[in-house]
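Data block below; observations after.
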Amino acid sequence: MNVHKIAVVAGDGIGPEVIDEGIKVLNEVSKLDGSFRFEFTHFPWGCDYYKENGKMMADDGIEQLKKFDAIFLGAVGAPGVPDHISLWDLLLIIRKSFDQYINLRPVKLLKGAPNVLKDVSPEDIDMIFVRENTEGEYAGSGSWLFKGKTNEVVIQDGVFSRKGCERVIRYAYELAKAQGKTLTSISKANALNYSMVFWDQIFEDVGKEYPEVKTFSYLVDAASMFMVKDPKRFEIVVTSNLFGDILTDLGAAIAGGMGLAAGANLNPEREFPSMFEPIHGSAPDIAGTGKANPLATVWSASQMLEFFGYSKWADFLIDCIETVLSEGRVLTPDLGGNATTSKVGDEIIRKLQEFKS
Ligand code: NAD
Ligand code: IPM
Ligand code: MN
């Protein structure tokens with residue numbers, strides 16, 4: 001029996017609500033399979049923990065997490081705790097400490113999900129974003145000078161290392177090659193005359209090793225427009241940390257909403273645990289109401305199954321999500337239904353059991 005040790009950081013707001021469903025689903029999959037199981041260890045870290053202890057996680061939190069095979073994270077952030085503290089001291093520090101330099105975010109309109117785009121057929125929305133996840137605009141480098149004075153200045157540096165750019169771009173080329181897809185790089189070299197010129201140059205240089213991969217390169221402003229007007233242009237997409245953050249919320253909007261947007265933070269070398277999380281936040285506006293859609297988390301659970309090598313189950317779980325969406329009987333309010341978070345989780349489990357039998 002394979003045992004996978006998972007650290008659960010459910011976090012804040014709707015985080016614990018959606019993570020409960022993700023865990024339920026993963027347990028059901030392992031039960032149905034019988035050859036592996038998950039061992040979940042819960043960590044109480046997040047904004048409540050901060051309010052009590054003055055810190056977002058235990059001092060040796062990173063050391064504790066290091067022992068796990070993966071991390072399952074809900075969401076972080078709550079009113080009353082400054083976002084730059086809550087996110088930096090928990091989510092971002094995990095991504096950086098564990099060198100999770102690939103943020104893999106599918107932007108795919110699943111069967112049965114609402115298509116909000118006019119004149120776009122659903123099958124034309126099928127991309128995978130490879131977002132740089134450890135440096136760039138999120139390097140956390142800068143300074144705050146003359147605080148509170150009339151000559152106050154803040155500097156926020158973008159840090160783009162050759163190693164950091166090459167590895168994420170190479171990963172994207174490999175993915176495009178393996179899947180026989182095109183690769184699009186999104187940057188902004190007309191204005192960001194150091195970082196993005198460098199990015200574009202590396203995209204071109206690494207591309208010489210992959211003559212079989214057809215490539216495109218767009219400026220981020222035009223790319224945002226094309227994602228809405230003509231999304232079929234995009235298959236595999238590689239971009240910087242901040243552009244990837246923004247474009248994948250746009251991606252969520254065209255692929256069924258925030259309740260369906262999944263993500264994996266990968267350390268491809270598996271030297272450290274990877275982390276699986278829905279891309280949405282803690283949604284304080286609906287927290288505690290039972291309205292949170294757990295399907296993004298279930299999709300992230302599917303990414304976790306894929307990562308552990310259970311591709312059949314990973315695909316199967318996506319099939320279950322598509323069936324639940326297509327039937328349209330048990331959906332949360334963001335998708336036009338009136339079911340609760342846990343009812344949707346139960347419905348996924350029912351589908352898993354039906355498919356299996
Ligand atoms: P958000 O993603 O939490 O919410 C944006 C909108 O989408 C809200 O109207 C919310 O109700 C809706 N929504 C999000 N997830 C949903 C779901 N599963 N089902 C139904 N509706 C859903 O973004 P925000 O409001 O900008 O941020 C709230 C907090 O979360 C902030 O503190 C922010 O910093 C944090 N945040 C955390 C993460 C993370 O932990 N990964 C990601 C994004 C934002
Ligand atoms: C995301 C989130 C985070 C990010 C925030 C909460 C720091 O928006 O995962 O998309 O910008 O990466
Ligand atoms: Mn985001």
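We label chains A, B, ... in the order they appear in the structure tokens, count residues from 1 in each chain, and number ligands from 1 in the order shown.
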
Inset, instruction - Please return as number ranges by chain: the residues of stretch 17-187 of chain A that backbone DSSP assigns to strand (DSSP E). - result: A: 36-42, 70-75, 102-108, 126-132, 136-145, 153-159, 183-187

Just-selected residues, N, CA and C atoms written as a tab-separated table (two decimals), in the first residue's frame:
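This is the output file again24.tsv:
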```tsv
chain	number	residue	atom	x	y	z
A	36	PHE	N	-3.45	2.60	-2.79
A	36	PHE	CA	-2.76	3.71	-2.13
A	36	PHE	C	-3.72	4.41	-1.19
A	37	ARG	N	-3.15	5.15	-0.25
A	37	ARG	CA	-4.00	5.97	0.61
A	37	ARG	C	-3.27	7.25	1.01
A	38	PHE	N	-4.06	8.21	1.46
A	38	PHE	CA	-3.51	9.49	1.88
A	38	PHE	C	-3.55	9.60	3.39
A	39	GLU	N	-2.52	10.21	3.93
A	39	GLU	CA	-2.49	10.48	5.37
A	39	GLU	C	-2.43	12.01	5.51
A	40	PHE	N	-3.53	12.59	5.99
A	40	PHE	CA	-3.61	14.05	6.06
A	40	PHE	C	-3.22	14.55	7.45
A	41	THR	N	-2.36	15.55	7.49
A	41	THR	CA	-2.00	16.19	8.76
A	41	THR	C	-2.38	17.67	8.66
A	42	HIS	N	-3.24	18.10	9.59
A	42	HIS	CA	-3.76	19.48	9.50
A	42	HIS	C	-2.90	20.46	10.29
A	70	ALA	N	3.29	16.25	-0.20
A	70	ALA	CA	2.62	17.36	-0.89
A	70	ALA	C	1.89	18.19	0.15
A	71	ILE	N	1.51	19.38	-0.29
A	71	ILE	CA	0.74	20.29	0.57
A	71	ILE	C	-0.58	20.57	-0.15
A	72	PHE	N	-1.66	20.56	0.62
A	72	PHE	CA	-2.98	20.87	0.08
A	72	PHE	C	-3.41	22.15	0.79
A	73	LEU	N	-3.54	23.23	0.02
A	73	LEU	CA	-3.80	24.53	0.64
A	73	LEU	C	-5.15	25.10	0.19
A	74	GLY	N	-5.89	25.65	1.15
A	74	GLY	CA	-7.20	26.23	0.83
A	74	GLY	C	-7.06	27.65	0.33
A	75	ALA	N	-7.02	28.60	1.23
A	75	ALA	CA	-6.84	30.00	0.85
A	75	ALA	C	-6.35	30.77	2.08
A	102	ILE	N	7.20	26.29	-10.76
A	102	ILE	CA	6.17	26.14	-11.80
A	102	ILE	C	4.78	26.28	-11.17
A	103	ASN	N	4.02	27.24	-11.66
A	103	ASN	CA	2.62	27.32	-11.25
A	103	ASN	C	1.79	26.93	-12.47
A	104	LEU	N	1.25	25.73	-12.39
A	104	LEU	CA	0.53	25.15	-13.53
A	104	LEU	C	-0.96	25.39	-13.36
A	105	ARG	N	-1.54	26.17	-14.27
A	105	ARG	CA	-2.94	26.54	-14.12
A	105	ARG	C	-3.72	26.28	-15.41
A	106	PRO	N	-4.52	25.23	-15.41
A	106	PRO	CA	-5.32	24.97	-16.61
A	106	PRO	C	-6.40	26.03	-16.78
A	107	VAL	N	-6.56	26.49	-17.99
A	107	VAL	CA	-7.69	27.38	-18.32
A	107	VAL	C	-8.45	26.66	-19.41
A	108	LYS	N	-9.37	25.81	-18.94
A	108	LYS	CA	-10.08	24.94	-19.88
A	108	LYS	C	-11.56	25.00	-19.54
A	126	ASP	N	-8.98	26.12	-24.16
A	126	ASP	CA	-8.27	24.94	-23.68
A	126	ASP	C	-6.77	25.24	-23.62
A	127	MET	N	-6.36	25.86	-22.53
A	127	MET	CA	-4.96	26.28	-22.40
A	127	MET	C	-4.37	25.75	-21.09
A	128	ILE	N	-3.07	25.72	-21.04
A	128	ILE	CA	-2.40	25.50	-19.74
A	128	ILE	C	-1.41	26.64	-19.54
A	129	PHE	N	-1.61	27.37	-18.47
A	129	PHE	CA	-0.67	28.44	-18.13
A	129	PHE	C	0.47	27.87	-17.30
A	130	VAL	N	1.69	28.20	-17.71
A	130	VAL	CA	2.88	27.88	-16.91
A	130	VAL	C	3.38	29.23	-16.41
A	131	ARG	N	3.07	29.49	-15.15
A	131	ARG	CA	3.41	30.80	-14.55
A	131	ARG	C	4.69	30.67	-13.73
A	132	GLU	N	5.62	31.57	-13.94
A	132	GLU	CA	6.83	31.59	-13.10
A	132	GLU	C	6.36	31.91	-11.68
A	136	GLY	N	10.71	37.23	-10.31
A	136	GLY	CA	10.06	38.23	-11.15
A	136	GLY	C	9.53	39.39	-10.33
A	137	GLU	N	8.30	39.76	-10.61
A	137	GLU	CA	7.70	40.91	-9.92
A	137	GLU	C	7.42	40.60	-8.46
A	138	TYR	N	7.45	39.29	-8.08
A	138	TYR	CA	7.17	38.87	-6.71
A	138	TYR	C	8.46	38.60	-5.93
A	139	ALA	N	9.57	39.18	-6.38
A	139	ALA	CA	10.83	38.87	-5.73
A	139	ALA	C	10.89	39.42	-4.30
A	140	GLY	N	10.08	40.41	-4.04
A	140	GLY	CA	10.08	40.97	-2.68
A	140	GLY	C	11.29	41.85	-2.42
A	141	SER	N	11.87	42.36	-3.49
A	141	SER	CA	13.04	43.21	-3.34
A	141	SER	C	12.66	44.67	-3.57
A	142	GLY	N	13.15	45.53	-2.73
A	142	GLY	CA	12.84	46.95	-2.92
A	142	GLY	C	13.17	47.75	-1.68
A	143	SER	N	12.72	48.96	-1.64
A	143	SER	CA	12.93	49.76	-0.43
A	143	SER	C	11.86	50.84	-0.30
A	144	TRP	N	11.76	51.32	0.91
A	144	TRP	CA	10.76	52.34	1.25
A	144	TRP	C	11.54	53.46	1.94
A	145	LEU	N	11.74	54.52	1.21
A	145	LEU	CA	12.62	55.57	1.70
A	145	LEU	C	11.82	56.77	2.20
A	153	VAL	N	9.61	57.74	-1.10
A	153	VAL	CA	9.82	56.99	-2.36
A	153	VAL	C	9.72	55.50	-2.06
A	154	VAL	N	9.00	54.75	-2.91
A	154	VAL	CA	9.09	53.29	-2.77
A	154	VAL	C	9.63	52.72	-4.07
A	155	ILE	N	10.42	51.67	-3.90
A	155	ILE	CA	11.00	50.99	-5.07
A	155	ILE	C	10.64	49.52	-4.96
A	156	GLN	N	10.03	48.96	-5.97
A	156	GLN	CA	9.71	47.51	-5.99
A	156	GLN	C	10.44	46.93	-7.19
A	157	ASP	N	11.45	46.13	-6.93
A	157	ASP	CA	12.24	45.60	-8.04
A	157	ASP	C	11.63	44.35	-8.63
A	158	GLY	N	11.77	44.21	-9.93
A	158	GLY	CA	11.49	42.92	-10.56
A	158	GLY	C	12.83	42.21	-10.67
A	159	VAL	N	12.85	40.95	-10.26
A	159	VAL	CA	14.12	40.22	-10.32
A	159	VAL	C	13.96	39.02	-11.25
A	183	LEU	N	3.30	26.83	-28.23
A	183	LEU	CA	3.72	27.51	-27.01
A	183	LEU	C	3.71	29.02	-27.24
A	184	THR	N	3.03	29.72	-26.34
A	184	THR	CA	2.96	31.19	-26.43
A	184	THR	C	3.63	31.80	-25.21
A	185	SER	N	4.53	32.73	-25.46
A	185	SER	CA	5.15	33.48	-24.36
A	185	SER	C	4.46	34.83	-24.28
A	186	ILE	N	4.17	35.24	-23.04
A	186	ILE	CA	3.52	36.54	-22.86
A	186	ILE	C	4.45	37.43	-22.03
A	187	SER	N	4.80	38.58	-22.59
A	187	SER	CA	5.74	39.47	-21.90
A	187	SER	C	5.39	40.93	-22.20
```

Legend entry - Contact residues around A:Asn267 with only C-alpha atoms at 12 Å, ignoring same-chain residues under 3 positions, as number ranges by chain: A: 69-71, 94-104, 132-134, 167-168, 171, 264, 270-276, 307

Limited to N, CA and C atoms, could you put the picked residues into a file as an mmCIF file, in the first residue's frame?
```cif
data_model
loop_
_atom_site.group_PDB
_atom_site.id
_atom_site.type_symbol
_atom_site.label_atom_id
_atom_site.label_comp_id
_atom_site.auth_asym_id
_atom_site.auth_seq_id
_atom_site.Cartn_x
_atom_site.Cartn_y
_atom_site.Cartn_z
ATOM 1 N N ASP A 69 4.834 14.740 1.455
ATOM 2 C CA ASP A 69 4.937 14.465 0.017
ATOM 3 C C ASP A 69 4.271 15.568 -0.789
ATOM 4 N N ALA A 70 3.291 16.249 -0.196
ATOM 5 C CA ALA A 70 2.621 17.356 -0.887
ATOM 6 C C ALA A 70 1.888 18.193 0.147
ATOM 7 N N ILE A 71 1.513 19.378 -0.285
ATOM 8 C CA ILE A 71 0.737 20.287 0.571
ATOM 9 C C ILE A 71 -0.580 20.575 -0.146
ATOM 10 N N ILE A 94 6.010 29.619 1.284
ATOM 11 C CA ILE A 94 6.032 28.181 0.947
ATOM 12 C C ILE A 94 6.470 28.008 -0.514
ATOM 13 N N ARG A 95 5.843 28.780 -1.411
ATOM 14 C CA ARG A 95 6.223 28.658 -2.834
ATOM 15 C C ARG A 95 7.720 28.877 -3.031
ATOM 16 N N LYS A 96 8.262 29.878 -2.327
ATOM 17 C CA LYS A 96 9.674 30.219 -2.522
ATOM 18 C C LYS A 96 10.594 29.231 -1.807
ATOM 19 N N SER A 97 10.270 28.914 -0.541
ATOM 20 C CA SER A 97 11.161 28.034 0.225
ATOM 21 C C SER A 97 11.278 26.660 -0.429
ATOM 22 N N PHE A 98 10.198 26.199 -1.022
ATOM 23 C CA PHE A 98 10.208 24.869 -1.631
ATOM 24 C C PHE A 98 10.466 24.938 -3.135
ATOM 25 N N ASP A 99 10.937 26.098 -3.586
ATOM 26 C CA ASP A 99 11.329 26.256 -4.982
ATOM 27 C C ASP A 99 10.256 25.699 -5.934
ATOM 28 N N GLN A 100 9.025 26.061 -5.626
ATOM 29 C CA GLN A 100 7.895 25.621 -6.474
ATOM 30 C C GLN A 100 7.804 26.596 -7.641
ATOM 31 N N TYR A 101 8.753 26.459 -8.555
ATOM 32 C CA TYR A 101 8.895 27.509 -9.560
ATOM 33 C C TYR A 101 7.922 27.384 -10.726
ATOM 34 N N ILE A 102 7.197 26.290 -10.761
ATOM 35 C CA ILE A 102 6.166 26.142 -11.796
ATOM 36 C C ILE A 102 4.783 26.279 -11.168
ATOM 37 N N ASN A 103 4.025 27.238 -11.661
ATOM 38 C CA ASN A 103 2.624 27.320 -11.251
ATOM 39 C C ASN A 103 1.794 26.934 -12.472
ATOM 40 N N LEU A 104 1.245 25.726 -12.389
ATOM 41 C CA LEU A 104 0.531 25.146 -13.527
ATOM 42 C C LEU A 104 -0.965 25.387 -13.357
ATOM 43 N N GLU A 132 5.623 31.574 -13.938
ATOM 44 C CA GLU A 132 6.829 31.591 -13.097
ATOM 45 C C GLU A 132 6.361 31.913 -11.683
ATOM 46 N N ASN A 133 6.932 31.228 -10.671
ATOM 47 C CA ASN A 133 6.273 31.239 -9.360
ATOM 48 C C ASN A 133 7.181 31.587 -8.193
ATOM 49 N N THR A 134 8.434 31.988 -8.475
ATOM 50 C CA THR A 134 9.316 32.242 -7.330
ATOM 51 C C THR A 134 10.031 33.583 -7.365
ATOM 52 N N ARG A 167 14.519 28.001 -16.576
ATOM 53 C CA ARG A 167 13.903 26.743 -16.130
ATOM 54 C C ARG A 167 12.398 26.731 -16.364
ATOM 55 N N VAL A 168 11.740 27.866 -16.180
ATOM 56 C CA VAL A 168 10.294 27.870 -16.387
ATOM 57 C C VAL A 168 9.983 27.814 -17.889
ATOM 58 N N TYR A 171 10.606 24.259 -19.076
ATOM 59 C CA TYR A 171 9.492 23.397 -18.639
ATOM 60 C C TYR A 171 8.313 23.538 -19.607
ATOM 61 N N ALA A 264 -1.517 24.181 -9.502
ATOM 62 C CA ALA A 264 -0.515 23.361 -8.822
ATOM 63 C C ALA A 264 0.787 24.153 -8.778
ATOM 64 N N ARG A 270 11.275 17.521 -7.417
ATOM 65 C CA ARG A 270 10.741 16.784 -6.255
ATOM 66 C C ARG A 270 11.714 16.748 -5.086
ATOM 67 N N GLU A 271 12.525 17.785 -5.022
ATOM 68 C CA GLU A 271 13.436 17.911 -3.905
ATOM 69 C C GLU A 271 12.647 18.375 -2.667
ATOM 70 N N PHE A 272 11.571 19.113 -2.923
ATOM 71 C CA PHE A 272 10.697 19.640 -1.872
ATOM 72 C C PHE A 272 9.256 19.287 -2.224
ATOM 73 N N PRO A 273 8.360 19.372 -1.220
ATOM 74 C CA PRO A 273 6.949 19.099 -1.550
ATOM 75 C C PRO A 273 6.367 20.133 -2.514
ATOM 76 N N SER A 274 5.499 19.677 -3.377
ATOM 77 C CA SER A 274 4.728 20.579 -4.234
ATOM 78 C C SER A 274 3.430 20.902 -3.512
ATOM 79 N N MET A 275 2.747 21.941 -3.998
ATOM 80 C CA MET A 275 1.541 22.395 -3.286
ATOM 81 C C MET A 275 0.386 22.560 -4.274
ATOM 82 N N PHE A 276 -0.776 22.067 -3.851
ATOM 83 C CA PHE A 276 -1.957 22.082 -4.713
ATOM 84 C C PHE A 276 -3.018 22.963 -4.058
ATOM 85 N N PHE A 307 0.191 14.197 -10.282
ATOM 86 C CA PHE A 307 1.561 14.378 -9.792
ATOM 87 C C PHE A 307 2.087 13.092 -9.143
#
```

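When atom CA of A:Ser342 is paired with atom CA of A:Gly80, their separation reads 27.5 Å.
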
Inset, instruction - Go through the chains and note each residue within 9 Å of ligand 1, using only C-alpha atoms and all ligand atoms, then give the set as a PyMOL selection string. - result: chain A and resi 11-15+18+73-79+81-84+86-87+90-91+249+257-261+277-287+291-297+332-335+341

Inset, instruction - Would you please work out which residue, of A:Glu327, A:Glu135, A:Asp221, A:Glu209, is nearest to ligand 2 when using only C-alpha atoms and all ligand atoms? - result: A:Glu135

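Closest to ligand 2 among A:Leu175, A:Ile321, A:Ile93, A:Leu109 is A:Ile93, based on only C-alpha atoms and all ligand atoms.
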
Inset, instruction - Would you please give, as a ChimeraX atom specification, all residues of stretch 119-282 of chain A that DSSP assigns to alpha helix (DSSP H) based on the backbone? - result: /A:162-179,195-207,220-229,241-254

Keeping C-alpha atoms, export the residues of the selection given above as an mmCIF file, in the first residue's frame.
```cif
data_model
loop_
_atom_site.group_PDB
_atom_site.id
_atom_site.type_symbol
_atom_site.label_atom_id
_atom_site.label_comp_id
_atom_site.auth_asym_id
_atom_site.auth_seq_id
_atom_site.Cartn_x
_atom_site.Cartn_y
_atom_site.Cartn_z
ATOM 1 C CA ARG A 162 18.792 33.621 -16.054
ATOM 2 C CA LYS A 163 18.314 30.385 -14.141
ATOM 3 C CA GLY A 164 14.800 31.391 -13.061
ATOM 4 C CA CYS A 165 13.684 32.333 -16.568
ATOM 5 C CA GLU A 166 15.364 29.439 -18.335
ATOM 6 C CA ARG A 167 13.903 26.743 -16.130
ATOM 7 C CA VAL A 168 10.294 27.870 -16.387
ATOM 8 C CA ILE A 169 10.582 28.482 -20.122
ATOM 9 C CA ARG A 170 12.237 25.101 -20.652
ATOM 10 C CA TYR A 171 9.492 23.397 -18.639
ATOM 11 C CA ALA A 172 6.904 25.031 -20.899
ATOM 12 C CA TYR A 173 8.725 23.921 -24.063
ATOM 13 C CA GLU A 174 8.903 20.373 -22.729
ATOM 14 C CA LEU A 175 5.184 20.423 -21.973
ATOM 15 C CA ALA A 176 4.331 21.784 -25.414
ATOM 16 C CA LYS A 177 6.577 19.174 -27.049
ATOM 17 C CA ALA A 178 5.107 16.320 -25.023
ATOM 18 C CA GLN A 179 1.546 17.358 -25.823
ATOM 19 C CA SER A 195 13.310 42.287 -17.555
ATOM 20 C CA MET A 196 11.083 41.513 -20.476
ATOM 21 C CA VAL A 197 13.721 42.025 -23.157
ATOM 22 C CA PHE A 198 15.737 39.435 -21.226
ATOM 23 C CA TRP A 199 12.693 37.128 -20.958
ATOM 24 C CA ASP A 200 12.023 37.331 -24.707
ATOM 25 C CA GLN A 201 15.664 36.639 -25.494
ATOM 26 C CA ILE A 202 15.670 33.537 -23.297
ATOM 27 C CA PHE A 203 12.389 32.373 -24.827
ATOM 28 C CA GLU A 204 14.016 32.566 -28.242
ATOM 29 C CA ASP A 205 17.299 30.976 -27.149
ATOM 30 C CA VAL A 206 15.736 28.011 -25.350
ATOM 31 C CA GLY A 207 13.417 27.612 -28.343
ATOM 32 C CA VAL A 220 0.543 41.147 -22.280
ATOM 33 C CA ASP A 221 -1.962 43.854 -23.189
ATOM 34 C CA ALA A 222 -2.714 42.298 -26.567
ATOM 35 C CA ALA A 223 -2.725 38.825 -25.003
ATOM 36 C CA SER A 224 -5.483 39.854 -22.578
ATOM 37 C CA MET A 225 -7.552 41.081 -25.480
ATOM 38 C CA PHE A 226 -7.004 37.889 -27.506
ATOM 39 C CA MET A 227 -7.858 35.673 -24.526
ATOM 40 C CA VAL A 228 -11.343 37.131 -24.674
ATOM 41 C CA LYS A 229 -11.740 37.662 -28.417
ATOM 42 C CA ASN A 241 4.734 35.718 -12.014
ATOM 43 C CA LEU A 242 2.542 38.832 -12.024
ATOM 44 C CA PHE A 243 1.292 38.516 -15.590
ATOM 45 C CA GLY A 244 0.430 34.887 -14.852
ATOM 46 C CA ASP A 245 -1.444 35.888 -11.726
ATOM 47 C CA ILE A 246 -3.585 38.425 -13.533
ATOM 48 C CA LEU A 247 -4.132 36.441 -16.719
ATOM 49 C CA THR A 248 -5.237 33.332 -14.861
ATOM 50 C CA ASP A 249 -8.012 35.244 -13.071
ATOM 51 C CA LEU A 250 -9.042 36.411 -16.545
ATOM 52 C CA GLY A 251 -8.728 32.772 -17.564
ATOM 53 C CA ALA A 252 -11.007 31.783 -14.680
ATOM 54 C CA ALA A 253 -13.588 34.299 -15.881
ATOM 55 C CA ILE A 254 -13.720 32.746 -19.359
#
```

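When atom CA of A:Phe216 is paired with atom CA of A:Thr239, their separation reads 12.1 Å.
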
Inset, instruction - Identify which of the residues A:Asp346, A:Ala262, A:Tyr218, A:Ile236 lies closest to ligand 2, counting only C-alpha atoms and all ligand atoms when measuring atom-to-atom distances. - result: A:Ala262

Inset, instruction - May I ask which of the residues A:Met57, A:Leu92, A:Val8, A:Leu32 is the closest one to ligand 2, counting only C-alpha atoms and all ligand atoms? - result: A:Leu92

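Atom to atom, atom CA of A:Gly263 and atom 9 (O, counted along the ligand's line) of ligand 2 stand 8.1 Å apart.
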